[in-house]
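> For reference, the file coords.csv (CSV, N, CA and C atoms) is included below:
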chain,number,residue,atom,x,y,z
A,1,MET,N,81.6,-60.6,36.4
A,1,MET,CA,80.3,-60.5,37.0
A,1,MET,C,79.3,-61.4,36.3
A,2,GLU,N,79.5,-61.6,35.0
A,2,GLU,CA,78.6,-62.4,34.2
A,2,GLU,C,78.5,-63.8,34.8
A,3,ARG,N,79.5,-64.2,35.6
A,3,ARG,CA,79.5,-65.6,36.2
A,3,ARG,C,78.4,-65.7,37.2
A,4,LEU,N,77.9,-64.5,37.8
A,4,LEU,CA,76.9,-64.5,38.8
A,4,LEU,C,75.5,-64.5,38.2
A,5,PHE,N,75.3,-64.2,36.9
A,5,PHE,CA,74.0,-64.1,36.3
A,5,PHE,C,73.2,-65.3,36.4
A,6,PRO,N,73.7,-66.5,36.2
A,6,PRO,CA,72.8,-67.7,36.3
A,6,PRO,C,72.2,-67.8,37.7
A,7,PHE,N,72.8,-67.4,38.7
A,7,PHE,CA,72.3,-67.4,40.0
A,7,PHE,C,71.2,-66.4,40.3
A,8,VAL,N,71.2,-65.4,39.5
A,8,VAL,CA,70.1,-64.3,39.6
A,8,VAL,C,68.8,-65.0,39.2
A,9,LEU,N,68.7,-65.8,38.2
A,9,LEU,CA,67.5,-66.4,37.8
A,9,LEU,C,67.0,-67.5,38.8
A,10,ARG,N,68.0,-68.2,39.4
A,10,ARG,CA,67.6,-69.2,40.4
A,10,ARG,C,67.1,-68.5,41.7
A,11,ALA,N,67.7,-67.4,42.0
A,11,ALA,CA,67.4,-66.7,43.3
A,11,ALA,C,66.1,-65.9,43.1
A,12,LYS,N,65.7,-65.7,41.9
A,12,LYS,CA,64.5,-64.9,41.6
A,12,LYS,C,64.5,-63.5,42.1
A,13,ILE,N,65.7,-62.8,41.8
A,13,ILE,CA,65.9,-61.5,42.3
A,13,ILE,C,65.8,-60.5,41.2
A,14,LEU,N,65.4,-60.9,40.0
A,14,LEU,CA,65.4,-60.1,38.8
A,14,LEU,C,64.0,-59.5,38.6
A,15,LEU,N,63.9,-58.2,38.4
A,15,LEU,CA,62.6,-57.5,38.1
A,15,LEU,C,62.8,-56.9,36.7
A,16,ILE,N,61.8,-57.2,35.8
A,16,ILE,CA,61.9,-56.9,34.4
A,16,ILE,C,60.9,-55.8,34.0
A,17,GLY,N,61.3,-54.7,33.5
A,17,GLY,CA,60.4,-53.6,33.0
A,17,GLY,C,60.2,-52.5,34.0
A,18,ARG,N,59.9,-51.3,33.5
A,18,ARG,CA,59.7,-50.2,34.4
A,18,ARG,C,58.5,-50.3,35.4
A,19,GLU,N,57.4,-50.9,34.9
A,19,GLU,CA,56.2,-51.0,35.7
A,19,GLU,C,56.5,-51.9,36.9
A,20,LYS,N,57.2,-53.0,36.6
A,20,LYS,CA,57.5,-54.0,37.7
A,20,LYS,C,58.4,-53.3,38.7
A,21,LEU,N,59.4,-52.5,38.2
A,21,LEU,CA,60.3,-51.8,39.1
A,21,LEU,C,59.5,-50.8,40.0
A,22,ARG,N,58.6,-50.1,39.4
A,22,ARG,CA,57.8,-49.1,40.2
A,22,ARG,C,57.0,-49.7,41.3
A,23,HIS,N,56.4,-50.9,41.0
A,23,HIS,CA,55.6,-51.6,42.0
A,23,HIS,C,56.4,-52.3,43.1
A,24,ASN,N,57.7,-52.4,42.9
A,24,ASN,CA,58.5,-53.1,43.9
A,24,ASN,C,59.7,-52.3,44.4
A,25,LYS,N,59.4,-51.0,44.5
A,25,LYS,CA,60.5,-50.1,45.0
A,25,LYS,C,61.0,-50.5,46.4
A,26,GLY,N,60.2,-51.0,47.2
A,26,GLY,CA,60.6,-51.3,48.6
A,26,GLY,C,61.6,-52.5,48.6
A,27,LYS,N,61.6,-53.3,47.6
A,27,LYS,CA,62.4,-54.5,47.5
A,27,LYS,C,63.7,-54.2,46.6
A,28,LEU,N,63.7,-53.1,45.9
A,28,LEU,CA,64.7,-52.8,44.9
A,28,LEU,C,66.1,-52.4,45.5
A,29,HIS,N,67.1,-53.0,45.0
A,29,HIS,CA,68.5,-52.7,45.4
A,29,HIS,C,69.1,-51.7,44.4
A,30,PHE,N,69.0,-52.1,43.1
A,30,PHE,CA,69.5,-51.1,42.0
A,30,PHE,C,68.9,-51.4,40.7
A,31,VAL,N,69.0,-50.4,39.8
A,31,VAL,CA,68.4,-50.5,38.5
A,31,VAL,C,69.5,-50.6,37.4
A,32,LEU,N,69.3,-51.4,36.4
A,32,LEU,CA,70.3,-51.5,35.3
A,32,LEU,C,69.5,-51.2,34.0
A,33,ILE,N,70.0,-50.2,33.3
A,33,ILE,CA,69.5,-49.9,32.0
A,33,ILE,C,70.5,-50.2,30.9
A,34,THR,N,70.1,-50.5,29.7
A,34,THR,CA,71.0,-50.8,28.7
A,34,THR,C,71.6,-49.5,28.0
A,35,GLU,N,72.7,-49.7,27.3
A,35,GLU,CA,73.3,-48.6,26.6
A,35,GLU,C,72.6,-48.2,25.4
A,36,ASP,N,71.7,-49.1,24.9
A,36,ASP,CA,70.9,-48.7,23.7
A,36,ASP,C,69.5,-48.2,24.0
A,37,ILE,N,69.3,-47.7,25.2
A,37,ILE,CA,68.0,-47.2,25.6
A,37,ILE,C,67.8,-45.8,25.1
A,38,VAL,N,66.5,-45.5,24.8
A,38,VAL,CA,66.2,-44.2,24.2
A,38,VAL,C,66.4,-43.1,25.3
A,39,GLU,N,66.9,-42.0,24.9
A,39,GLU,CA,67.3,-40.9,25.8
A,39,GLU,C,66.2,-40.4,26.7
A,40,ASN,N,64.9,-40.3,26.2
A,40,ASN,CA,63.8,-39.8,27.0
A,40,ASN,C,63.4,-40.8,28.1
A,41,VAL,N,63.5,-42.1,27.7
A,41,VAL,CA,63.2,-43.1,28.7
A,41,VAL,C,64.3,-43.2,29.8
A,42,ARG,N,65.5,-43.0,29.4
A,42,ARG,CA,66.7,-42.9,30.3
A,42,ARG,C,66.4,-41.8,31.3
A,43,ALA,N,66.0,-40.6,30.9
A,43,ALA,CA,65.8,-39.5,31.7
A,43,ALA,C,64.6,-39.8,32.7
A,44,GLU,N,63.6,-40.4,32.2
A,44,GLU,CA,62.4,-40.8,33.0
A,44,GLU,C,62.8,-41.7,34.1
A,45,ILE,N,63.7,-42.7,33.8
A,45,ILE,CA,64.1,-43.7,34.8
A,45,ILE,C,65.0,-43.0,35.9
A,46,LEU,N,65.9,-42.1,35.4
A,46,LEU,CA,66.7,-41.3,36.4
A,46,LEU,C,65.8,-40.5,37.3
A,47,LEU,N,64.7,-40.0,36.8
A,47,LEU,CA,63.8,-39.2,37.7
A,47,LEU,C,63.0,-40.1,38.6
A,48,ASP,N,62.4,-41.2,38.1
A,48,ASP,CA,61.6,-42.1,38.9
A,48,ASP,C,62.4,-42.8,39.9
A,49,PHE,N,63.7,-43.1,39.7
A,49,PHE,CA,64.5,-43.9,40.6
A,49,PHE,C,65.7,-43.2,41.1
A,50,LYS,N,65.4,-41.9,41.4
A,50,LYS,CA,66.6,-41.0,41.9
A,50,LYS,C,67.1,-41.5,43.2
A,51,HIS,N,66.3,-42.2,44.0
A,51,HIS,CA,66.8,-42.7,45.3
A,51,HIS,C,67.4,-44.0,45.2
A,52,TYR,N,67.6,-44.6,44.1
A,52,TYR,CA,68.3,-45.9,43.9
A,52,TYR,C,69.4,-45.7,42.9
A,53,PRO,N,70.5,-46.6,43.1
A,53,PRO,CA,71.5,-46.5,42.1
A,53,PRO,C,71.0,-47.0,40.7
A,54,VAL,N,71.4,-46.2,39.7
A,54,VAL,CA,71.0,-46.6,38.3
A,54,VAL,C,72.3,-46.8,37.6
A,55,VAL,N,72.5,-47.9,37.0
A,55,VAL,CA,73.7,-48.3,36.3
A,55,VAL,C,73.3,-48.5,34.8
A,56,GLN,N,74.2,-48.0,33.9
A,56,GLN,CA,74.0,-48.1,32.5
A,56,GLN,C,75.1,-48.9,31.9
A,57,HIS,N,74.8,-50.1,31.5
A,57,HIS,CA,75.8,-51.1,30.9
A,57,HIS,C,75.1,-52.1,30.1
A,58,PHE,N,75.8,-52.8,29.3
A,58,PHE,CA,75.3,-53.9,28.4
A,58,PHE,C,74.3,-53.4,27.4
A,59,THR,N,73.8,-54.2,26.5
A,59,THR,CA,72.8,-53.9,25.5
A,59,THR,C,71.6,-54.9,25.7
A,60,ALA,N,70.5,-54.6,25.0
A,60,ALA,CA,69.3,-55.5,25.2
A,60,ALA,C,69.7,-56.9,24.7
A,61,ALA,N,70.6,-57.0,23.7
A,61,ALA,CA,71.0,-58.3,23.2
A,61,ALA,C,71.8,-59.1,24.3
A,62,ASP,N,72.6,-58.3,25.1
A,62,ASP,CA,73.3,-58.9,26.2
A,62,ASP,C,72.4,-59.5,27.3
A,63,LEU,N,71.3,-58.7,27.6
A,63,LEU,CA,70.4,-59.1,28.6
A,63,LEU,C,69.6,-60.4,28.1
A,64,GLU,N,69.3,-60.4,26.9
A,64,GLU,CA,68.7,-61.6,26.3
A,64,GLU,C,69.6,-62.8,26.5
A,65,LYS,N,70.9,-62.6,26.2
A,65,LYS,CA,71.9,-63.7,26.3
A,65,LYS,C,72.0,-64.2,27.8
A,66,PHE,N,72.1,-63.2,28.7
A,66,PHE,CA,72.4,-63.5,30.1
A,66,PHE,C,71.2,-64.1,30.8
A,67,PHE,N,70.0,-63.5,30.6
A,67,PHE,CA,68.8,-63.8,31.3
A,67,PHE,C,67.7,-64.4,30.5
A,68,GLY,N,67.8,-64.5,29.2
A,68,GLY,CA,66.8,-65.0,28.4
A,68,GLY,C,65.5,-64.1,28.3
A,69,ILE,N,65.7,-62.8,28.5
A,69,ILE,CA,64.6,-61.9,28.4
A,69,ILE,C,64.8,-61.1,27.1
A,70,LYS,N,63.7,-61.1,26.3
A,70,LYS,CA,63.8,-60.5,24.9
A,70,LYS,C,63.3,-59.1,25.0
A,71,GLY,N,64.1,-58.2,24.4
A,71,GLY,CA,63.7,-56.8,24.3
A,71,GLY,C,63.7,-55.9,25.5
A,72,ALA,N,64.1,-56.4,26.7
A,72,ALA,CA,64.1,-55.6,27.9
A,72,ALA,C,65.3,-54.7,27.9
A,73,LYS,N,65.1,-53.5,28.3
A,73,LYS,CA,66.1,-52.5,28.4
A,73,LYS,C,66.2,-51.9,29.8
A,74,THR,N,65.3,-52.3,30.6
A,74,THR,CA,65.3,-51.8,32.0
A,74,THR,C,65.1,-53.0,32.9
A,75,ILE,N,66.0,-53.3,33.8
A,75,ILE,CA,65.8,-54.4,34.8
A,75,ILE,C,66.2,-53.9,36.2
A,76,GLY,N,65.8,-54.6,37.2
A,76,GLY,CA,66.2,-54.2,38.5
A,76,GLY,C,66.5,-55.5,39.3
A,77,PHE,N,67.3,-55.3,40.3
A,77,PHE,CA,67.7,-56.4,41.2
A,77,PHE,C,67.1,-56.2,42.6
A,78,THR,N,66.5,-57.2,43.2
A,78,THR,CA,65.9,-57.0,44.5
A,78,THR,C,67.0,-57.1,45.5
A,79,LYS,N,66.8,-56.6,46.7
A,79,LYS,CA,67.8,-56.6,47.8
A,79,LYS,C,68.2,-58.0,48.1
A,80,SER,N,69.5,-58.2,48.1
A,80,SER,CA,70.1,-59.5,48.4
A,80,SER,C,71.6,-59.4,48.4
A,81,GLY,N,72.2,-60.4,49.0
A,81,GLY,CA,73.7,-60.4,48.9
A,81,GLY,C,74.2,-60.6,47.5
A,82,LEU,N,73.5,-61.3,46.7
A,82,LEU,CA,73.8,-61.5,45.3
A,82,LEU,C,73.8,-60.2,44.6
A,83,ALA,N,72.7,-59.4,44.8
A,83,ALA,CA,72.5,-58.1,44.2
A,83,ALA,C,73.6,-57.2,44.6
A,84,GLN,N,74.0,-57.2,45.9
A,84,GLN,CA,75.1,-56.4,46.3
A,84,GLN,C,76.4,-56.7,45.6
A,85,SER,N,76.7,-58.0,45.4
A,85,SER,CA,77.9,-58.4,44.7
A,85,SER,C,77.9,-58.0,43.3
A,86,ILE,N,76.8,-58.1,42.6
A,86,ILE,CA,76.7,-57.6,41.2
A,86,ILE,C,76.8,-56.1,41.1
A,87,TYR,N,76.2,-55.4,42.0
A,87,TYR,CA,76.3,-54.0,42.0
A,87,TYR,C,77.7,-53.5,42.3
A,88,ALA,N,78.4,-54.2,43.2
A,88,ALA,CA,79.8,-53.8,43.5
A,88,ALA,C,80.6,-53.8,42.2
A,89,GLU,N,80.4,-54.8,41.3
A,89,GLU,CA,81.2,-54.9,40.1
A,89,GLU,C,80.7,-53.9,39.0
A,90,LEU,N,79.4,-53.5,39.1
A,90,LEU,CA,78.9,-52.5,38.1
A,90,LEU,C,79.0,-51.1,38.6
A,91,LYS,N,79.4,-50.8,39.8
A,91,LYS,CA,79.3,-49.5,40.4
A,91,LYS,C,80.0,-48.4,39.6
A,92,ALA,N,81.1,-48.8,38.9
A,92,ALA,CA,81.8,-47.9,38.0
A,92,ALA,C,80.9,-47.3,36.9
A,93,HIS,N,79.8,-48.0,36.6
A,93,HIS,CA,78.9,-47.6,35.5
A,93,HIS,C,77.7,-46.9,36.0
A,94,ARG,N,77.7,-46.5,37.3
A,94,ARG,CA,76.6,-45.8,37.8
A,94,ARG,C,76.5,-44.4,37.1
A,95,ILE,N,75.2,-44.0,36.8
A,95,ILE,CA,75.0,-42.8,36.0
A,95,ILE,C,74.3,-41.7,36.9
A,96,ASN,N,73.9,-42.0,38.1
A,96,ASN,CA,73.3,-41.0,38.9
A,96,ASN,C,74.0,-40.9,40.2
A,97,LYS,N,73.9,-39.8,40.8
A,97,LYS,CA,74.6,-39.6,42.1
A,97,LYS,C,73.7,-39.9,43.3
A,98,PRO,N,74.2,-40.3,44.4
A,98,PRO,CA,73.4,-40.5,45.5
A,98,PRO,C,72.6,-39.3,46.0
A,99,VAL,N,71.4,-39.4,46.3
A,99,VAL,CA,70.6,-38.2,46.8
A,99,VAL,C,71.0,-38.0,48.2
A,100,THR,N,71.4,-36.7,48.5
A,100,THR,CA,71.8,-36.4,49.9
A,100,THR,C,70.7,-35.4,50.4
A,101,LYS,N,70.3,-35.6,51.6
A,101,LYS,CA,69.4,-34.7,52.2
A,101,LYS,C,70.1,-33.5,52.7
A,102,THR,N,69.7,-32.3,52.3
A,102,THR,CA,70.3,-31.1,52.8
A,102,THR,C,69.4,-30.4,53.7
A,103,LYS,N,69.9,-29.9,54.8
A,103,LYS,CA,69.1,-29.1,55.7
A,103,LYS,C,68.9,-27.7,55.2
A,104,THR,N,67.7,-27.2,55.3
A,104,THR,CA,67.5,-25.8,54.9
A,104,THR,C,68.2,-24.9,55.9
A,105,PRO,N,68.9,-23.9,55.4
A,105,PRO,CA,69.6,-23.0,56.3
A,105,PRO,C,68.6,-22.2,57.2
A,106,VAL,N,69.0,-22.0,58.4
A,106,VAL,CA,68.2,-21.2,59.3
A,106,VAL,C,68.6,-19.8,59.2
A,107,PRO,N,67.6,-18.8,59.0
A,107,PRO,CA,68.0,-17.4,58.9
A,107,PRO,C,68.7,-17.0,60.1
A,108,ALA,N,69.7,-16.1,60.0
A,108,ALA,CA,70.6,-15.6,61.1
A,108,ALA,C,69.8,-15.2,62.3
A,109,GLY,N,68.7,-14.5,62.1
A,109,GLY,CA,67.9,-14.0,63.2
A,109,GLY,C,67.1,-15.0,64.0
A,110,ASP,N,66.9,-16.2,63.4
A,110,ASP,CA,66.2,-17.3,64.0
A,110,ASP,C,67.1,-18.3,64.7
A,111,ALA,N,68.4,-18.2,64.7
A,111,ALA,CA,69.3,-19.2,65.2
A,111,ALA,C,69.1,-19.3,66.7
A,112,THR,N,68.9,-18.3,67.4
A,112,THR,CA,68.8,-18.4,68.9
A,112,THR,C,67.3,-18.7,69.3
A,113,GLY,N,66.4,-18.5,68.5
A,113,GLY,CA,65.0,-18.8,68.8
A,113,GLY,C,64.3,-17.6,69.4
A,114,SER,N,65.0,-16.6,69.7
A,114,SER,CA,64.3,-15.4,70.3
A,114,SER,C,64.4,-14.3,69.2
A,115,THR,N,63.4,-13.4,69.4
A,115,THR,CA,63.3,-12.2,68.4
A,115,THR,C,63.6,-10.9,69.1
Could you write out this file's structure as structure tokens?

Amino acid sequence: MERLFPFVLRAKILLIGREKLRHNKGKLHFVLITEDIVENVRAEILLDFKHYPVVQHFTAADLEKFFGIKGAKTIGFTKSGLAQSIYAELKAHRINKPVTKTKTPVPAGDATGST
């Protein structure tokens, strides 16, 4: 998958930092956090981005090598075919489950609508 990373910079689909991700949720495809991220920040990201795939892989040093970004531990990829391809290869490292909408059960007496 690293072979795709040079194209990420050219396509301008990389979002760097939590604030940038929060402001661009409508464009966001998935979030990548590093393995060396602090646990409380990890928990905050999982809460803030529970409706998006969150993948934990690589280190901050890897992100610097791949993208030239120093010290970043949280990045996101905007919706695109390239982001889909990268996510497909990182999917095994997803740390959150998809959010499923559950219907609230209807009480037995209300099922027919009459009382």
> Going by DSSP on the backbone, which bits of range 37-114 of chain A are alpha helix (DSSP H)? Write them as a VMD selection string, please.
chain A and resid 39 to 48 60 to 67 81 to 90
> So which residues of chain A fall under strand (DSSP E or B) by DSSP, listed as a list in words?
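Written out, the strand (DSSP E or B) residues of chain A are Leu14, Leu15, Ile16, Leu28, His29, Phe30, Val31, Leu32, Ile33, Val54, Val55, Gln56, Thr74, Ile75, Gly76, Phe77, Thr78 and Arg94 of chain A.
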> So which residues touch Leu15 in chain A within 6.5 Å, counting only N, CA and C atoms, skipping near sequence neighbours fewer than 5 positions away, as a list of chain:residue names?
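Contacts, in chain order: A:Lys20, A:Leu21, A:Thr74, A:Ile75, A:Gly76, A:Phe77, A:Thr78.
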> Interatomic distance between CA of Gly81 in chain A and CA of Lys27 in chain A?
12.8 Å
> In terms of the shortest atom-to-atom distance over only N, CA and C atoms, which of A:Lys12, A:Arg3, A:Val31, A:Lys91 is closest to Val54 in chain A?
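Closest to Val54 in chain A of all the choices is A:Val31.
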> Tell me which of A:Leu47, A:Ala60, A:Lys79, A:Leu14 sits closest to Leu28 in chain A, counting all atoms listed in the file.
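Between A:Leu47, A:Ala60, A:Lys79, A:Leu14, the residue approaching Leu28 in chain A most closely is A:Lys79.
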> Grab the atom N of Leu4 in chain A to CA of Ile33 in chain A distance for me, in Å with one decimal place.
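The value is 17.8 Å.
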> Atom N of Phe67 in chain A and atom C of Lys25 in chain A are how many Å apart?
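These two atoms are separated by 22.4 Å.
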> May I have the residues within 6.5 Å of Phe58 in chain A as a PyMOL selection string, using all atoms listed in the file and disregarding those fewer than 3 positions away in the same chain?
chain A and resi 33-36+61-63
> Taking (63.2, -47.3, 33.1) in the coordinates of the supplied file, I want to know which residues reach to within 7 Å of it, counting only C-alpha atoms; could you give the answer as a list in words?
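Final list of nearby residues, as requested, is Gly17, Arg18, Ile33, Val41, Arg42, Glu44, Ile45 and Thr74 of chain A.
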> Between A:Ile13, A:Leu46, A:Ile37, A:Met1, which one has atoms that come closest to Pro98 in chain A, using only C-alpha atoms?
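For Pro98 in chain A, the nearest of the candidates is A:Leu46.
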